file final17.tsv (TSV, C-alpha atoms and all ligand atoms)
chain	number	residue	atom	x	y	z
J	96	MET	CA	110.16	-22.39	70.29
J	97	ASP	CA	107.59	-25.08	70.87
J	98	ARG	CA	105.68	-23.58	73.78
J	99	THR	CA	103.93	-26.86	74.47
J	100	THR	CA	107.20	-28.03	76.02
J	101	ASP	CA	107.51	-24.88	78.11
J	102	PRO	CA	105.11	-24.84	81.04
J	103	ASP	CA	105.80	-21.20	81.89
J	104	PRO	CA	106.06	-19.47	78.53
J	105	ASP	CA	105.06	-15.96	79.59
J	106	PRO	CA	108.06	-13.66	79.54
J	107	ALA	CA	107.79	-9.99	80.43
J	108	PRO	CA	105.45	-8.20	78.01
J	109	THR	CA	107.80	-6.85	75.35
J	110	ALA	CA	107.18	-6.36	71.66
J	111	SER	CA	109.10	-9.57	70.99
J	112	ARG	CA	107.03	-11.82	73.22
J	113	ARG	CA	104.63	-14.23	71.60
J	114	ALA	CA	100.94	-13.45	71.33
J	115	ARG	CA	98.88	-15.22	73.97
J	116	VAL	CA	96.41	-17.77	72.66
J	117	ALA	CA	93.74	-16.61	75.11
J	118	GLY	CA	94.29	-12.94	74.20
J	119	VAL	CA	94.04	-13.62	70.47
J	120	TYR	CA	90.92	-15.74	71.04
J	121	ASP	CA	89.40	-12.93	73.11
J	122	TYR	CA	90.08	-10.51	70.25
J	123	TYR	CA	88.41	-12.84	67.73
J	124	LEU	CA	85.35	-12.97	69.98
J	125	GLY	CA	85.12	-9.19	70.19
J	126	GLY	CA	86.58	-8.81	73.68
J	127	ASP	CA	88.92	-6.16	75.06
J	128	LEU	CA	91.07	-8.39	77.29
J	129	ASN	CA	93.95	-8.50	74.81
J	130	ASP	CA	96.99	-6.34	74.20
J	131	ASP	CA	98.89	-4.93	71.21
J	132	VAL	CA	100.87	-8.12	70.64
J	133	ASP	CA	97.71	-10.25	70.66
J	134	ARG	CA	95.89	-7.83	68.35
J	135	GLU	CA	98.81	-7.56	65.92
J	136	PHE	CA	98.95	-11.34	65.69
J	137	ALA	CA	95.16	-11.64	65.27
J	138	LEU	CA	95.15	-9.08	62.46
J	139	ARG	CA	98.03	-10.85	60.70
J	140	MET	CA	96.08	-14.11	60.94
J	141	MET	CA	92.88	-12.50	59.67
J	142	ALA	CA	94.70	-10.95	56.70
J	143	SER	CA	95.61	-14.46	55.59
J	144	VAL	CA	92.67	-16.46	56.97
J	145	PRO	CA	89.66	-14.13	57.34
J	146	GLU	CA	87.59	-16.99	58.75
J	147	ALA	CA	89.60	-17.16	62.01
J	148	PRO	CA	87.09	-15.17	64.15
J	149	GLU	CA	84.21	-17.10	62.62
J	150	VAL	CA	85.81	-20.41	63.60
J	151	ALA	CA	86.12	-19.06	67.17
J	152	ARG	CA	82.40	-18.17	67.19
J	153	LEU	CA	81.42	-21.58	65.77
J	154	ASN	CA	83.49	-23.19	68.52
J	155	ARG	CA	81.75	-21.13	71.23
J	156	ALA	CA	78.35	-22.04	69.76
J	157	PHE	CA	79.30	-25.73	69.86
J	158	LEU	CA	80.47	-25.29	73.45
J	159	ALA	CA	77.10	-23.75	74.38
J	160	ARG	CA	75.12	-26.61	72.80
J	161	ALA	CA	77.36	-29.25	74.38
J	162	VAL	CA	77.22	-27.66	77.85
J	163	ARG	CA	73.42	-27.40	77.60
J	164	HIS	CA	73.39	-31.10	76.71
J	165	CYS	CA	75.47	-31.85	79.83
J	166	ALA	CA	73.23	-29.73	82.06
J	167	ARG	CA	70.06	-31.34	80.70
J	168	ALA	CA	71.66	-34.71	81.44
J	169	GLY	CA	71.87	-33.53	85.07
J	170	ILE	CA	75.60	-32.73	85.25
J	171	ARG	CA	76.31	-30.29	88.09
J	172	ARG	CA	80.14	-30.19	87.92
J	173	TYR	CA	82.29	-28.90	85.07
J	174	LEU	CA	86.05	-29.08	84.60
J	175	ASP	CA	86.96	-26.77	81.71
J	176	ILE	CA	90.64	-27.24	80.79
J	177	GLY	CA	92.08	-24.67	78.38
J	178	SER	CA	89.12	-22.42	79.13
J	179	ALA	CA	90.81	-19.17	78.02
J	180	ILE	CA	89.19	-16.10	79.63
J	181	PRO	CA	85.65	-16.98	80.79
J	182	ARG	CA	84.09	-13.77	79.60
J	183	VAL	CA	80.99	-14.02	77.39
J	184	GLY	CA	78.68	-17.05	77.25
J	185	THR	CA	80.58	-18.73	80.04
J	186	VAL	CA	80.19	-22.37	81.01
J	187	HIS	CA	78.74	-21.53	84.43
J	188	GLU	CA	76.15	-19.17	82.94
J	189	ILE	CA	75.06	-21.71	80.32
J	190	ALA	CA	74.95	-24.62	82.76
J	191	ARG	CA	73.20	-22.63	85.50
J	192	ALA	CA	70.37	-21.71	83.14
J	193	VAL	CA	69.46	-25.42	83.45
J	194	VAL	CA	71.14	-26.53	86.72
J	195	PRO	CA	71.25	-23.50	89.04
J	196	ASP	CA	73.80	-24.99	91.44
J	197	ALA	CA	76.30	-26.02	88.73
J	198	ARG	CA	79.93	-25.69	89.83
J	199	VAL	CA	82.79	-24.96	87.46
J	200	VAL	CA	86.59	-25.02	87.67
J	201	TYR	CA	88.23	-23.18	84.79
J	202	VAL	CA	91.87	-24.05	84.02
J	203	ASP	CA	94.29	-22.35	81.69
J	204	ILE	CA	98.04	-22.46	81.18
J	205	GLU	CA	98.37	-18.72	80.51
J	206	GLN	CA	98.88	-16.60	83.62
J	207	GLU	CA	97.32	-13.56	82.01
J	208	ALA	CA	94.12	-15.45	81.14
J	209	VAL	CA	93.89	-16.72	84.70
J	210	ALA	CA	94.39	-13.22	86.13
J	211	HIS	CA	91.67	-11.79	83.87
J	212	GLY	CA	89.39	-14.74	84.61
J	213	ARG	CA	89.80	-14.40	88.37
J	214	ALA	CA	89.02	-10.69	88.20
J	215	LEU	CA	85.87	-11.39	86.18
J	216	LEU	CA	84.72	-14.27	88.37
J	217	ASP	CA	85.57	-12.61	91.67
J	218	GLY	CA	82.79	-13.28	94.16
J	219	THR	CA	80.91	-15.75	91.94
J	220	PRO	CA	80.09	-18.65	94.27
J	221	GLY	CA	80.84	-22.18	93.10
J	222	VAL	CA	83.24	-21.06	90.36
J	223	ALA	CA	87.06	-21.07	90.42
J	224	MET	CA	89.81	-20.36	87.93
J	225	ILE	CA	93.28	-21.85	88.31
J	226	GLU	CA	96.50	-21.93	86.34
J	227	GLY	CA	97.32	-25.45	85.20
J	228	ASP	CA	98.62	-27.61	82.40
J	229	LEU	CA	96.46	-30.21	80.68
J	230	ARG	CA	99.63	-32.24	80.10
J	231	ARG	CA	100.19	-32.63	83.85
J	232	PRO	CA	97.05	-34.46	84.92
J	233	ASP	CA	98.36	-35.65	88.26
J	234	ASP	CA	99.30	-32.09	89.29
J	235	LEU	CA	96.01	-30.75	88.03
J	236	LEU	CA	93.86	-33.43	89.63
J	237	ALA	CA	95.63	-32.86	92.97
J	238	ARG	CA	94.75	-29.16	93.09
J	239	PRO	CA	92.36	-28.41	95.97
J	240	GLU	CA	89.82	-26.71	93.67
J	241	VAL	CA	89.75	-29.78	91.42
J	242	ARG	CA	89.68	-32.25	94.33
J	243	ARG	CA	86.66	-30.45	95.76
J	244	LEU	CA	84.95	-30.61	92.35
J	245	LEU	CA	85.58	-34.31	91.69
J	246	ASP	CA	83.50	-36.58	93.89
J	247	PRO	CA	83.72	-40.34	93.23
J	248	GLY	CA	79.94	-40.57	93.10
J	249	GLU	CA	79.18	-37.47	91.08
J	250	PRO	CA	79.64	-37.29	87.29
J	251	VAL	CA	81.38	-34.28	85.77
J	252	ALA	CA	81.60	-32.69	82.36
J	253	LEU	CA	85.19	-32.73	81.18
J	254	LEU	CA	85.50	-29.91	78.67
J	255	LEU	CA	88.53	-30.03	76.34
J	256	LEU	CA	87.59	-27.50	73.71
J	257	GLY	CA	90.13	-26.00	71.36
J	258	VAL	CA	93.00	-27.22	73.53
J	259	LEU	CA	94.06	-30.74	72.54
J	260	HIS	CA	95.43	-29.31	69.27
J	261	TYR	CA	98.13	-27.61	71.37
J	262	VAL	CA	99.26	-31.02	72.65
J	263	SER	CA	101.82	-32.83	70.48
J	264	ASP	CA	101.67	-36.55	69.77
J	265	ALA	CA	104.89	-36.82	71.79
J	266	ASP	CA	102.94	-35.63	74.84
J	267	GLY	CA	100.44	-38.47	74.32
J	268	PRO	CA	97.09	-36.64	74.12
J	269	GLY	CA	95.16	-39.94	74.03
J	270	ALA	CA	96.82	-41.18	77.22
J	271	LEU	CA	96.13	-37.81	78.86
J	272	VAL	CA	92.42	-38.05	78.06
J	273	THR	CA	92.43	-41.60	79.43
J	274	ARG	CA	94.00	-40.37	82.68
J	275	TYR	CA	91.23	-37.77	83.09
J	276	ARG	CA	88.60	-40.36	82.21
J	277	GLU	CA	89.87	-42.61	84.98
J	278	ALA	CA	89.59	-39.73	87.44
J	279	VAL	CA	85.92	-38.98	86.79
J	280	ALA	CA	82.84	-40.92	87.87
J	281	PRO	CA	80.78	-43.15	85.56
J	282	GLY	CA	78.16	-41.02	83.84
J	283	SER	CA	80.67	-38.24	83.25
J	284	ILE	CA	80.68	-36.56	79.86
J	285	LEU	CA	83.64	-35.69	77.63
J	286	VAL	CA	83.33	-32.75	75.23
J	287	VAL	CA	86.10	-32.20	72.67
J	288	SER	CA	86.59	-29.70	69.88
J	289	HIS	CA	89.71	-29.86	67.75
J	290	GLY	CA	91.18	-28.20	64.66
J	291	THR	CA	91.51	-30.26	61.49
J	292	ASP	CA	92.77	-29.88	57.95
J	293	ASP	CA	90.45	-32.62	56.66
J	294	GLY	CA	87.94	-30.11	55.28
J	295	ALA	CA	89.85	-27.01	54.18
J	296	PRO	CA	93.55	-27.94	53.99
J	297	GLN	CA	94.88	-24.69	52.51
J	298	PRO	CA	93.55	-22.10	54.98
J	299	VAL	CA	94.16	-24.43	57.92
J	300	ARG	CA	97.76	-24.93	56.80
J	301	SER	CA	98.14	-21.11	56.65
J	302	MET	CA	96.68	-20.87	60.16
J	303	VAL	CA	99.15	-23.41	61.51
J	304	ASP	CA	102.08	-21.69	59.76
J	305	ILE	CA	101.17	-18.25	61.11
J	306	THR	CA	100.59	-19.75	64.56
J	307	GLU	CA	104.12	-21.20	64.41
J	308	GLU	CA	105.57	-17.84	63.34
J	309	GLY	CA	103.86	-16.54	66.48
J	310	GLN	CA	105.84	-19.12	68.48
J	311	THR	CA	102.98	-21.48	69.28
J	312	THR	CA	102.71	-24.93	67.73
J	313	ALA	CA	99.33	-26.37	66.74
J	314	TYR	CA	98.68	-29.96	65.69
J	315	MET	CA	95.74	-30.56	63.38
J	316	ARG	CA	94.18	-34.03	63.54
J	317	THR	CA	91.93	-36.15	61.37
J	318	ARG	CA	88.40	-37.19	62.23
J	319	ALA	CA	89.65	-40.69	63.11
J	320	GLU	CA	92.30	-39.23	65.45
J	321	VAL	CA	89.77	-36.98	67.20
J	322	THR	CA	87.31	-39.88	67.47
J	323	ALA	CA	90.03	-41.95	69.16
J	324	PHE	CA	90.03	-39.48	72.11
J	325	PHE	CA	86.60	-40.90	72.99
J	326	ALA	CA	87.95	-44.38	73.76
J	327	GLY	CA	86.08	-45.55	76.87
J	328	PHE	CA	83.19	-43.15	76.21
J	329	ASN	CA	79.97	-43.83	74.30
J	330	LEU	CA	80.09	-41.28	71.52
J	331	LEU	CA	76.71	-39.60	71.07
J	332	ASP	CA	75.05	-39.06	67.72
J	333	PRO	CA	76.06	-37.60	65.32
J	334	GLY	CA	79.59	-38.62	66.41
J	335	VAL	CA	82.64	-36.48	65.71
J	336	VAL	CA	81.51	-33.97	63.07
J	337	PHE	CA	82.39	-30.48	61.86
J	338	LEU	CA	81.32	-28.04	64.58
J	339	PRO	CA	78.14	-26.58	63.05
J	340	ARG	CA	76.84	-30.09	62.34
J	341	TRP	CA	76.78	-31.12	66.01
J	342	ARG	CA	73.11	-30.85	66.97
J	343	PRO	CA	72.54	-27.37	65.51
J	344	GLU	CA	69.87	-25.23	67.13
J	345	PRO	CA	67.60	-22.62	65.52
J	346	GLY	CA	69.44	-19.33	65.09
J	347	ASP	CA	72.94	-20.86	65.07
J	348	GLU	CA	75.40	-19.53	62.50
J	349	PRO	CA	75.79	-22.24	59.81
J	350	GLY	CA	79.33	-21.03	59.11
J	351	SER	CA	80.79	-20.05	55.75
J	352	PRO	CA	81.90	-22.99	53.58
J	353	ARG	CA	85.54	-22.88	54.75
J	354	ALA	CA	85.02	-21.91	58.41
J	355	ALA	CA	82.40	-24.63	58.86
J	356	VAL	CA	84.92	-27.41	58.16
J	357	MET	CA	88.00	-26.23	60.08
J	358	ALA	CA	87.28	-28.00	63.38
J	359	TYR	CA	85.53	-31.07	64.74
J	360	GLY	CA	83.40	-31.49	67.81
J	361	GLY	CA	82.05	-34.49	69.67
J	362	VAL	CA	80.45	-35.50	72.97
J	363	GLY	CA	80.69	-38.87	74.75
J	364	HIS	CA	79.35	-40.38	77.98
J	365	ARG	CA	81.53	-42.53	80.21
J	366	ALA	CA	79.52	-45.71	80.65
J	367	THR	CA	81.33	-47.51	83.45
R	401	LIG	C1	91.49	-21.61	71.56
R	401	LIG	S1	91.42	-21.36	73.28
R	401	LIG	C2	89.93	-22.28	73.63
R	401	LIG	C3	89.12	-21.70	74.76
R	401	LIG	C4	87.86	-22.45	75.14
R	401	LIG	N1	88.18	-23.80	75.61
R	401	LIG	C5	86.89	-22.53	74.01
R	401	LIG	O1	86.86	-23.58	73.35
R	401	LIG	O2	86.17	-21.58	73.75
R	401	LIG	C6	92.68	-22.49	73.88
R	401	LIG	C7	93.13	-22.22	75.30
R	401	LIG	O3	93.90	-23.36	75.73
R	401	LIG	C8	94.96	-22.90	76.53
R	401	LIG	N2	96.00	-23.95	76.57
R	401	LIG	C9	96.89	-24.30	75.60
R	401	LIG	N3	97.66	-25.33	76.02
R	401	LIG	C10	97.24	-25.64	77.28
R	401	LIG	C11	97.64	-26.62	78.25
R	401	LIG	N4	98.65	-27.48	77.99
R	401	LIG	N5	97.00	-26.66	79.43
R	401	LIG	C12	95.99	-25.78	79.71
R	401	LIG	N6	95.57	-24.82	78.84
R	401	LIG	C13	96.18	-24.76	77.63
R	401	LIG	C14	95.40	-21.61	75.87
R	401	LIG	O4	96.11	-20.79	76.77
R	401	LIG	C15	94.03	-21.02	75.45
R	401	LIG	O5	93.54	-20.14	76.42
call {"tool": "encode", "arguments": {"input": "final17.tsv", "output": "structure tokens"}}
result
Amino acid sequence: MDRTTDPDPDPAPTASRRARVAGVYDYYLGGDLNDDVDREFALRMMASVPEAPEVARLNRAFLARAVRHCARAGIRRYLDIGSAIPRVGTVHEIARAVVPDARVVYVDIEQEAVAHGRALLDGTPGVAMIEGDLRRPDDLLARPEVRRLLDPGEPVALLLLGVLHYVSDADGPGALVTRYREAVAPGSILVVSHGTDDGAPQPVRSMVDITEEGQTTAYMRTRAEVTAFFAGFNLLDPGVVFLPRWRPEPGDEPGSPRAAVMAYGGVGHRAT
């Protein structure tokens, strides 16, 4: 089954259901908001590609640097689509260290992730978590939480980290990003991270194969394809690069040789 064509892919939790992307990701990051199916899948992945948790950590470190960049640029609103469970090193915590009144809407397609996220965020002012599908921008942009966040005069950070590689070419990921760009004010910032097999084809191919056995399809893209998502944005230096190479900070994990080249990251500002 290609779950990217199924907007409600969460059957009752039986041993035969697919692992949830957010649950597996939580396991990689050392969390406990995952179940047996997620853990079994994560362990199967790690037996074949031991770097999987490291890639998740490198992605979170990139997210932290990129969100700090947004906050230092004065961004007070964040739309994080495909957020998974906002648990450790969350966008609102990182942004609020710089901009104390930063507001965040977290969006994920997985009901379970949204339920966990809401429980964790309960009572946190200025932060919401909703269930939604990146591939349905008009529905998502019409949601009251998102409408309240998006003000025509106020730039936002549009965070699409580790999610566009679940969108097939048939679903037009470039056109989707364009639709979101049109909905945000000039000065808004796009942050993207995305899996690639440019750097380490063999382990990434294994990752994709195991992901497919787990009933989720992932679409790796080249540097040029990821760069194309920034059409209409001014891509900041150093451009679209392997995650640890995007403005590394002292103390950041450099990443092992294979993990360091399994995903790209980039940040762009919408000029007009
Ligand atoms: C690998 S996690 C990335 C989490 C977080 N953005 C990060 O980079 O740390 C990908 C998340 O995207 C979610 N996702 C996948 N397809 C989606 C879609 N079409 N719309 C919204 N969320 C989606 C998954 O449920 C999962 O929680």
call {"tool": "residues_near_ligand", "arguments": {"input": "final17.tsv", "ligand": "ligand LIG 401 (chain R)", "cutoff": "6 Å", "atoms": "all atoms listed in the file", "output": "NGL selection string"}}
result
:J and (116-117 or 120 or 154-155 or 176-179 or 203-205 or 227-230 or 256-258 or 261)
call {"tool": "closest_residue", "arguments": {"input": "final17.tsv", "among": "J:Ala142, J:Ala355, J:Ala166, J:Ala323", "to": "Val251 (chain J)", "atoms": "all atoms listed in the file"}}
result
J:Ala166
call {"tool": "closest_residue", "arguments": {"input": "final17.tsv", "among": "J:Pro145, J:Arg163, J:Leu124, J:Ile284", "to": "Glu344 (chain J)", "atoms": "only C-alpha atoms"}}
result
J:Arg163
call {"tool": "residues_around", "arguments": {"input": "final17.tsv", "residues": "Arg171 (chain J)", "least_positions_apart": "4", "cutoff": "8 Å", "atoms": "only C-alpha atoms", "output": "JSON, numbers by chain"}}
result
{"J": [166, 190, 194, 196, 197, 198, 250, 251]}
call {"tool": "atom_distance", "arguments": {"input": "final17.tsv", "atom1": "CA of Thr306 (chain J)", "atom2": "CA of Glu348 (chain J)"}}
result
25.3 Å
call {"tool": "atom_distance", "arguments": {"input": "final17.tsv", "atom1": "CA of His260 (chain J)", "atom2": "CA of Pro345 (chain J)"}}
result
28.9 Å
call {"tool": "axis_aligned_box", "arguments": {"input": "final17.tsv", "around": "region 197-211 of chain J", "padding_each_side": "4 Å", "output": "JSON"}}
result
{"center_x": 87.6, "center_y": -18.9, "center_z": 85.2, "size_x": 30.6, "size_y": 22.2, "size_z": 17.3}
call {"tool": "closest_residue", "arguments": {"input": "final17.tsv", "among": "J:Glu308, J:Asp233, J:Glu149, J:Asp127", "to": "Arg112 (chain J)", "atoms": "all atoms listed in the file"}}
result
J:Glu308
call {"tool": "closest_residue", "arguments": {"input": "final17.tsv", "among": "J:Leu153, J:Ala252, J:Ala137, J:Leu158", "to": "Ala280 (chain J)", "atoms": "all atoms listed in the file"}}
result
J:Ala252
call {"tool": "closest_residue", "arguments": {"input": "final17.tsv", "among": "J:Leu338, J:Met302, J:Ala151, J:Val199", "to": "Tyr122 (chain J)", "atoms": "only C-alpha atoms"}}
result
J:Ala151
call {"tool": "closest_residue", "arguments": {"input": "final17.tsv", "among": "J:Val119, J:Leu259, J:Ala295, J:Val356", "to": "Trp341 (chain J)", "atoms": "all atoms listed in the file"}}
result
J:Val356
